[in-house]
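Asker: What follows is a single structure, and I will ask about it in a moment.
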Amino acid sequence: MILLVFTVATLAALIWPFWQLSGQFGTEPAKQPSRLYGQPRTIQVGSALTAEELAGELDALGYGDAEASGRLIPGSYRRSAGRLEMFRRRLPTLSTDRRGDRSQDRLRFSFQGGAVSLIENANASLRSVALDPPLIASYYGPDLRERRPIGLDELPEDLILSVLAAEDAYFREHSGLSFIGMLRAAWVNFQAKEVRQGGSTLTQQLVKNLYLTHQRTLIRKLREVVLAIFLELRYDNHAILQAYLNEIYWGRSGSIDLMGVGAAAHAYFGKHASQLDLAESALLAGMIQSPGTLSPITHPEAAKSRRDFVLGRLAQLKWVSTDRLERASRRELRVATEPLVIRKAPFFAAAAETEARRRFGVTSLADAGYVLQSTLAIDDQKWAEEAVRWGVASLEKGWEKDRSGVAPLEASLVSVDPQTGNILAYVGGRNFGRSQFDRVVNARRQAGSVFKPIVYAAAYTDRKANPATFLLDERWSMTVDGRTWRPKNSDNKFRGRITTRTALEKSLNVPTARLAQEVGLDRIIGLARDLGIQGRIDPYPALALGAMDVSPLEMATVYATFAAGGMKPSLHRLTKVFDRQSKEIPGTPLDPPRRVLDESTAFVINHVLQGVLDRGTGRGARQQGIEDPLAGKTGTTNSRRDSWFAGYSPDRITLVWVGYDNNSTTRLSGARAALPIWSRFTHRVRPASGYADFEPPEGVVIALIDPTTGALATDRCPQWQEEAFLANFMPRGLCPLHNGWRARPIDQPDDIQVEPQKHPFKRWLQRMNERRKKNRGVN
């Protein structure tokens, strides 16, 4: 009796850990990387798009052509003459209880004249629809495993049958072990003189993947057997098969291990696992035995041979009709050649991870299954990266030639929607693989002349000047802390008496420094803080010329505020974050847009900065095809260490910085280095209708002035230009240089009250008339 009790206790002690371990199978969630998605493409009636172009976009999103399978299922499309029908996938943020009615997701597009003429679903005609958001990045754990879990009910029957035929045809009949299967596999392998079948059941393979090592030892095999039996006792075939298909190793894509059929379908065929056809299913099922040597990418002939073997097994088992098997066996291998990309926009993805931690409290994204919706526009990002690569390569072959020993020339670009604060494109450097330092947020560089509009905005706000006010561009100095400071212009020339518009368009230092002293440095610093500059600003006279360190993101915030009419937006990358159960995570809300600059003043600044592209330091943009009424400002710092350009419209602001990380001097300037990159990108992302112009708000008057006097132009002025003024701070008199006897004011807005004309010969004429009357005796 004691021996029996001891034996039972010993067996219980040995078995209990396995029973506990098998119990984890039903509770442990499948790991999968967190994923970052960009803005979805919105298609409207009237969009310039053909059926072929839309099919190409769907291919890039991983949609399959339904012509091959004949079935229109979620994630597929079908094209005919002038039409395209698609079955839109549901976003990963939608919970399962919202996947019932899919009629809204079957969309029909009609095309005419190279544009979308009609969009319909089952219930109505639509004005616009959004496609799937593009995948920007996946956040893997240290083991770099790609997982895309999928329910067994979502998988095509062809895949399930192919896997069972290849690995365990009697899965539904045994209870974890199959001795007949082991003997059969041994006999088949002996006859073929190679390993054609394995003796382990699906349950045993699953146990080995989940809990055990791949060492070939007797102890490991015994553990595998015990755990397989326990799994079969505790869980039904449906749960075990689903876990198997989601956990089995399916090879590698680049440096990423593919775990489960969802990952394999995406990596090898660029599609969702629910879209796999018979030939693809048989190929994947055949790979399970040896994913490395049977990969369709690296060993296509071996993969095709193994696929045909699986199709033959299906024929032996009579699970699939002969005609379908024959069609599948005639199919050539068609696989996706692009490996999985960890991060398509690596600097943005890293910054988004930081924002998720700061705003949403997500401590780690690695293998955590979060879904992050972002502001990134994938096409804009592509052109931004291309423009930066092109720009630095061109500079290294041109202006910076023979300076490769200094350091790699670097650049950053950030493009923002000023109305929402959405970051649309984000490039923190030329090569993330070489340097992960994010120059958009972490680089603090001298601002230079991109700071000057802040000085003029303060002057216009405080009525210290308007665009037609004259400043002196002459030799000038001042004493600061016992030292003499003598600012000079970049070309070492002086122009005498010029307007504030000309001073800002030409980016002249001396008149700007003079104006800053009149406005007050503390006033300028306060406005700079309000507009978005957060770093240290010392109240020294040189701050008017940008002598302080800023990040490109801070300067982008400043110009986004100008573009938004004085409303400061909160620049951000993330809109929503969902956990693995598709529940939205509440985060710290963004600060709402806040007015920091009067709308009228913002318009006047924008109007002046439009002249930078027309007549000033940014006129090179016109030579590169930029014709829209955009505003902008160049910036170049001491010894040309930093080159800047910020250009914008009401609907987009893009800022570019170029320089060396070690702060070396260059031969560059904002116009030479940053402006061409900005122009190339701005031209690529130009809306079909062009960039919007700035609309003058109430409180602004547009008048025509003589640029040589700053007064209202007359019909005798040889030239005049349009100028924006605050309504209560503008010139009233006519041009004194061209104000003759018959001079008249040229067309001006009705609300301008022109002062009476003062004719220079009026008194002389009066005296002459009086003398004539006296001589004639007229009283």
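Quick note on naming: the chains in the structure tokens go A, B, ... in the order shown, residues restart at 1 in each chain, and ligands are numbered from 1 in order of appearance.
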Under the rule of at most 12 Å, produce a per-residue listing of stretch 592-702 of chain A near stretch 40-52 of chain A: chain, number, name, the closest pair of atoms, and the distance in Å, as JSON lines, using only C-alpha atoms.
Answerer:
```
{"residue": "A:Pro687", "atom": "CA", "partner": "A:Ala48", "partner_atom": "CA", "distance": 11.2}
{"residue": "A:Ala688", "atom": "CA", "partner": "A:Ala48", "partner_atom": "CA", "distance": 8.6}
{"residue": "A:Ser689", "atom": "CA", "partner": "A:Ser47", "partner_atom": "CA", "distance": 11.1}
```
Asker: Please save N, CA and C atoms of the selected residues as a short mmCIF file (atom, residue, chain, number, x, y, z; two decimals), in the first residue's frame.
Answerer:
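Once everything was written out, this is result_7.cif:
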```
data_model
loop_
_atom_site.label_atom_id
_atom_site.label_comp_id
_atom_site.auth_asym_id
_atom_site.auth_seq_id
_atom_site.Cartn_x
_atom_site.Cartn_y
_atom_site.Cartn_z
N PRO A 687 -0.59 69.94 -54.36
CA PRO A 687 -1.96 69.48 -54.65
C PRO A 687 -2.33 69.76 -56.10
N ALA A 688 -3.26 68.97 -56.61
CA ALA A 688 -3.66 69.14 -58.01
C ALA A 688 -4.21 70.53 -58.27
N SER A 689 -4.85 71.13 -57.28
CA SER A 689 -5.41 72.46 -57.44
C SER A 689 -4.44 73.56 -57.05
#
```
Asker: Show which residues sit within 6 Å of A:Lys633, as a PyMOL selection string. Count only C-alpha atoms, and ignore same-chain residues fewer than 5 positions away.
Answerer: chain A and resi 450+645-646
Asker: Rank A:Gly620, A:Pro296, A:Gly75, A:Gly369 by their smallest atom-to-atom distance to A:Val577, using only C-alpha atoms, and report the top residue only.
Answerer: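 Closest to A:Val577, using only C-alpha atoms: A:Gly369.
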Asker: Please return as a PyMOL selection string: the residues of stretch 457-570 of chain A that backbone DSSP assigns to strand (DSSP E).
Answerer: chain A and resi 470-473+478-480+483-485+496-499+549-550+567-568
Asker: With a distance cut-off of 9 Å and only C-alpha atoms, select the neighbouring residues of stretch 413-421 of chain A, excluding the residue or stretch itself and same-chain residues fewer than 2 positions from it, and output the selection as a ChimeraX atom specification.
Answerer: /A:380,384-385,388,411,423-429,439-440,552-553,556-557,559-564,567-573,593,649-657,677-678
Asker: Using N, CA and C atoms, can you export the residues from the last selection as a compact mmCIF listing (two decimals), in the first residue's frame?
Answerer:
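Okay, again_9.txt is ready:
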```txt
# COMPACT_ATOMS: atom_id res chain seq x y z
N ASP A 380 4.07 61.51 -49.15
CA ASP A 380 4.87 62.68 -48.79
C ASP A 380 6.20 62.26 -48.18
N ALA A 384 9.92 63.15 -49.37
CA ALA A 384 10.80 63.86 -48.45
C ALA A 384 12.16 63.16 -48.36
N GLU A 385 12.14 61.85 -48.20
CA GLU A 385 13.39 61.11 -48.13
C GLU A 385 14.17 61.21 -49.43
N VAL A 388 15.83 64.72 -49.65
CA VAL A 388 17.00 64.85 -48.78
C VAL A 388 18.19 64.10 -49.38
N ALA A 411 21.16 66.49 -43.25
CA ALA A 411 19.98 67.33 -43.51
C ALA A 411 18.80 66.77 -42.75
N ILE A 423 1.95 66.13 -38.42
CA ILE A 423 3.24 66.02 -39.10
C ILE A 423 3.07 65.06 -40.27
N LEU A 424 3.27 65.56 -41.48
CA LEU A 424 2.99 64.80 -42.69
C LEU A 424 4.22 64.06 -43.22
N ALA A 425 5.38 64.64 -43.04
CA ALA A 425 6.64 64.02 -43.47
C ALA A 425 7.72 64.40 -42.48
N TYR A 426 8.69 63.47 -42.30
CA TYR A 426 9.63 63.65 -41.19
C TYR A 426 10.90 62.89 -41.52
N VAL A 427 11.98 63.62 -41.75
CA VAL A 427 13.27 63.01 -42.04
C VAL A 427 14.28 63.59 -41.07
N GLY A 428 14.79 62.75 -40.18
CA GLY A 428 15.72 63.21 -39.16
C GLY A 428 17.17 63.15 -39.56
N GLY A 429 17.47 62.67 -40.77
CA GLY A 429 18.84 62.56 -41.24
C GLY A 429 18.87 61.79 -42.54
N ARG A 439 17.68 64.70 -36.03
CA ARG A 439 18.02 66.12 -36.11
C ARG A 439 16.78 67.01 -36.14
N VAL A 440 15.60 66.45 -36.29
CA VAL A 440 14.39 67.28 -36.25
C VAL A 440 14.12 67.76 -34.83
N PRO A 552 14.91 72.17 -35.35
CA PRO A 552 14.05 72.36 -36.52
C PRO A 552 12.56 72.24 -36.20
N LEU A 553 12.20 71.39 -35.23
CA LEU A 553 10.78 71.26 -34.89
C LEU A 553 10.26 72.54 -34.25
N ALA A 556 9.75 74.94 -37.04
CA ALA A 556 8.56 74.54 -37.79
C ALA A 556 7.30 74.99 -37.08
N THR A 557 7.30 74.95 -35.75
CA THR A 557 6.15 75.42 -34.99
C THR A 557 5.94 76.92 -35.19
N TYR A 559 6.75 78.78 -37.82
CA TYR A 559 6.20 79.06 -39.16
C TYR A 559 4.82 78.46 -39.35
N ALA A 560 4.52 77.36 -38.65
CA ALA A 560 3.16 76.83 -38.69
C ALA A 560 2.19 77.83 -38.07
N THR A 561 2.63 78.55 -37.05
CA THR A 561 1.79 79.56 -36.43
C THR A 561 1.56 80.73 -37.38
N PHE A 562 2.60 81.17 -38.07
CA PHE A 562 2.40 82.19 -39.11
C PHE A 562 1.38 81.71 -40.14
N ALA A 563 1.57 80.48 -40.62
CA ALA A 563 0.71 79.95 -41.68
C ALA A 563 -0.73 79.81 -41.23
N ALA A 564 -0.94 79.54 -39.94
CA ALA A 564 -2.29 79.36 -39.41
C ALA A 564 -2.90 80.68 -38.94
N MET A 567 -2.52 81.34 -34.99
CA MET A 567 -2.97 80.29 -34.08
C MET A 567 -1.88 79.23 -33.98
N LYS A 568 -1.33 79.05 -32.79
CA LYS A 568 -0.24 78.09 -32.61
C LYS A 568 -0.80 76.68 -32.47
N PRO A 569 -0.45 75.77 -33.42
CA PRO A 569 -0.93 74.38 -33.33
C PRO A 569 0.01 73.53 -32.49
N SER A 570 -0.49 72.41 -32.01
CA SER A 570 0.34 71.44 -31.30
C SER A 570 0.82 70.41 -32.32
N LEU A 571 2.10 70.45 -32.68
CA LEU A 571 2.62 69.50 -33.65
C LEU A 571 2.67 68.12 -33.01
N HIS A 572 2.23 67.11 -33.75
CA HIS A 572 2.13 65.76 -33.19
C HIS A 572 2.21 64.73 -34.31
N ARG A 573 2.48 63.48 -33.90
CA ARG A 573 2.61 62.37 -34.84
C ARG A 573 1.51 61.34 -34.69
N PRO A 593 -5.37 74.64 -30.46
CA PRO A 593 -4.69 75.80 -31.06
C PRO A 593 -4.94 77.06 -30.24
N SER A 649 2.36 77.66 -47.02
CA SER A 649 1.07 78.19 -47.46
C SER A 649 0.11 77.95 -46.30
N PRO A 650 -1.15 78.34 -46.41
CA PRO A 650 -2.08 78.06 -45.31
C PRO A 650 -2.29 76.57 -45.05
N ASP A 651 -1.96 75.72 -46.03
CA ASP A 651 -2.23 74.29 -45.85
C ASP A 651 -0.99 73.43 -45.67
N ARG A 652 0.21 74.01 -45.72
CA ARG A 652 1.42 73.22 -45.49
C ARG A 652 2.61 74.13 -45.19
N ILE A 653 3.42 73.69 -44.22
CA ILE A 653 4.70 74.35 -43.97
C ILE A 653 5.77 73.27 -43.95
N THR A 654 6.84 73.53 -44.66
CA THR A 654 7.95 72.58 -44.73
C THR A 654 9.24 73.31 -44.38
N LEU A 655 10.01 72.73 -43.48
CA LEU A 655 11.27 73.33 -43.05
C LEU A 655 12.41 72.36 -43.30
N VAL A 656 13.51 72.89 -43.84
CA VAL A 656 14.70 72.09 -44.15
C VAL A 656 15.91 72.70 -43.47
N TRP A 657 16.73 71.86 -42.87
CA TRP A 657 18.03 72.29 -42.32
C TRP A 657 19.13 71.45 -42.96
N ILE A 677 16.33 71.59 -51.74
CA ILE A 677 15.65 70.41 -51.17
C ILE A 677 14.19 70.72 -50.93
N TRP A 678 13.92 71.89 -50.34
CA TRP A 678 12.54 72.31 -50.09
C TRP A 678 11.76 72.40 -51.40
```
Asker: Would you mind telling me which residue in A:Ile626, A:Val320, A:Val163, A:Leu284 lies nearest to A:Ala303 when using only C-alpha atoms?
Answerer: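 Closest residue, counting only C-alpha atoms: A:Leu284.
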Asker: State, in Å with one decimal place, the distance from atom CA of A:Arg79 to atom CA of A:Phe109.
Answerer: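 These two atoms are separated by 9.5 Å.
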Asker: Might you pull out every residue within 10 Å of A:Ala447, with only C-alpha atoms counted and same-chain residues fewer than 6 positions away left off, and present them as a PyMOL selection string?
Answerer: chain A and resi 543+545-552+555+635-637+642-644+657
Asker: Could you pull out the residues in stretch 192-407 of chain A that DSSP calls alpha helix (DSSP H) from the backbone, as a count of residues only?
Answerer: 119
Asker: If you count only C-alpha atoms, which residues fall within 10 Å of A:Gly690, apart from same-chain ones fewer than 3 positions away, as a list in words?
Answerer: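 With the cut-off at 10 Å, the set is Glu627, Asp628, Pro629, His683, Val685, Arg686, Pro687 and Asp693 of chain A.
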Asker: Would you mind exporting N, CA, C and O atoms of the selected residues as a PDB file, in the first residue's frame?
Answerer:
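out.pdb written:
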```
ATOM      1  N   GLU A 627       5.537  78.017 -58.624  1.00  0.00           N
ATOM      2  CA  GLU A 627       4.822  79.194 -59.103  1.00  0.00           C
ATOM      3  C   GLU A 627       3.731  79.649 -58.149  1.00  0.00           C
ATOM      4  O   GLU A 627       3.176  80.730 -58.313  1.00  0.00           O
ATOM      5  N   ASP A 628       3.386  78.843 -57.161  1.00  0.00           N
ATOM      6  CA  ASP A 628       2.288  79.171 -56.262  1.00  0.00           C
ATOM      7  C   ASP A 628       2.649  80.346 -55.356  1.00  0.00           C
ATOM      8  O   ASP A 628       3.836  80.640 -55.125  1.00  0.00           O
ATOM      9  N   PRO A 629       1.647  81.027 -54.785  1.00  0.00           N
ATOM     10  CA  PRO A 629       1.909  82.204 -53.932  1.00  0.00           C
ATOM     11  C   PRO A 629       2.347  81.796 -52.528  1.00  0.00           C
ATOM     12  O   PRO A 629       1.686  82.073 -51.533  1.00  0.00           O
ATOM     13  N   HIS A 683       7.453  70.763 -54.783  1.00  0.00           N
ATOM     14  CA  HIS A 683       6.919  70.525 -56.120  1.00  0.00           C
ATOM     15  C   HIS A 683       6.302  69.129 -56.224  1.00  0.00           C
ATOM     16  O   HIS A 683       5.253  68.952 -56.858  1.00  0.00           O
ATOM     17  N   VAL A 685       4.874  67.271 -53.866  1.00  0.00           N
ATOM     18  CA  VAL A 685       3.657  67.049 -53.081  1.00  0.00           C
ATOM     19  C   VAL A 685       2.599  68.118 -53.367  1.00  0.00           C
ATOM     20  O   VAL A 685       1.596  68.209 -52.648  1.00  0.00           O
ATOM     21  N   ARG A 686       2.783  68.893 -54.389  1.00  0.00           N
ATOM     22  CA  ARG A 686       1.837  69.967 -54.715  1.00  0.00           C
ATOM     23  C   ARG A 686       0.450  69.395 -54.993  1.00  0.00           C
ATOM     24  O   ARG A 686       0.292  68.452 -55.778  1.00  0.00           O
ATOM     25  N   PRO A 687      -0.590  69.943 -54.359  1.00  0.00           N
ATOM     26  CA  PRO A 687      -1.957  69.479 -54.646  1.00  0.00           C
ATOM     27  C   PRO A 687      -2.328  69.756 -56.100  1.00  0.00           C
ATOM     28  O   PRO A 687      -1.784  70.671 -56.732  1.00  0.00           O
ATOM     29  N   ASP A 693      -3.735  80.319 -51.307  1.00  0.00           N
ATOM     30  CA  ASP A 693      -3.184  81.647 -51.029  1.00  0.00           C
ATOM     31  C   ASP A 693      -3.718  82.124 -49.672  1.00  0.00           C
ATOM     32  O   ASP A 693      -4.700  81.601 -49.154  1.00  0.00           O
TER      33      ASP A 693
END
```
Asker: Any idea what's packed within 10 Å of A:Ile73, counting only C-alpha atoms, ignoring anything in its chain fewer than 5 positions away? Could you give it as a PyMOL selection string?
Answerer: chain A and resi 63-64+66+86-89+106+274-275
Asker: Keeping only C-alpha atoms, write the selected residues as a short mmCIF file (atom, residue, chain, number, x, y, z; two decimals), in the first residue's frame.
Answerer:
```cif
data_model
loop_
_atom_site.label_atom_id
_atom_site.label_comp_id
_atom_site.auth_asym_id
_atom_site.auth_seq_id
_atom_site.Cartn_x
_atom_site.Cartn_y
_atom_site.Cartn_z
CA TYR A 63 -4.64 43.41 -51.80
CA GLY A 64 -4.96 40.43 -54.10
CA ALA A 66 -9.62 38.21 -57.38
CA MET A 86 -12.90 45.91 -54.07
CA PHE A 87 -13.67 44.29 -50.74
CA ARG A 88 -12.10 46.57 -48.18
CA ARG A 89 -10.35 45.01 -45.21
CA ARG A 106 -17.75 46.15 -50.90
CA SER A 274 -7.54 34.60 -45.89
CA GLN A 275 -6.72 35.29 -49.55
#
```
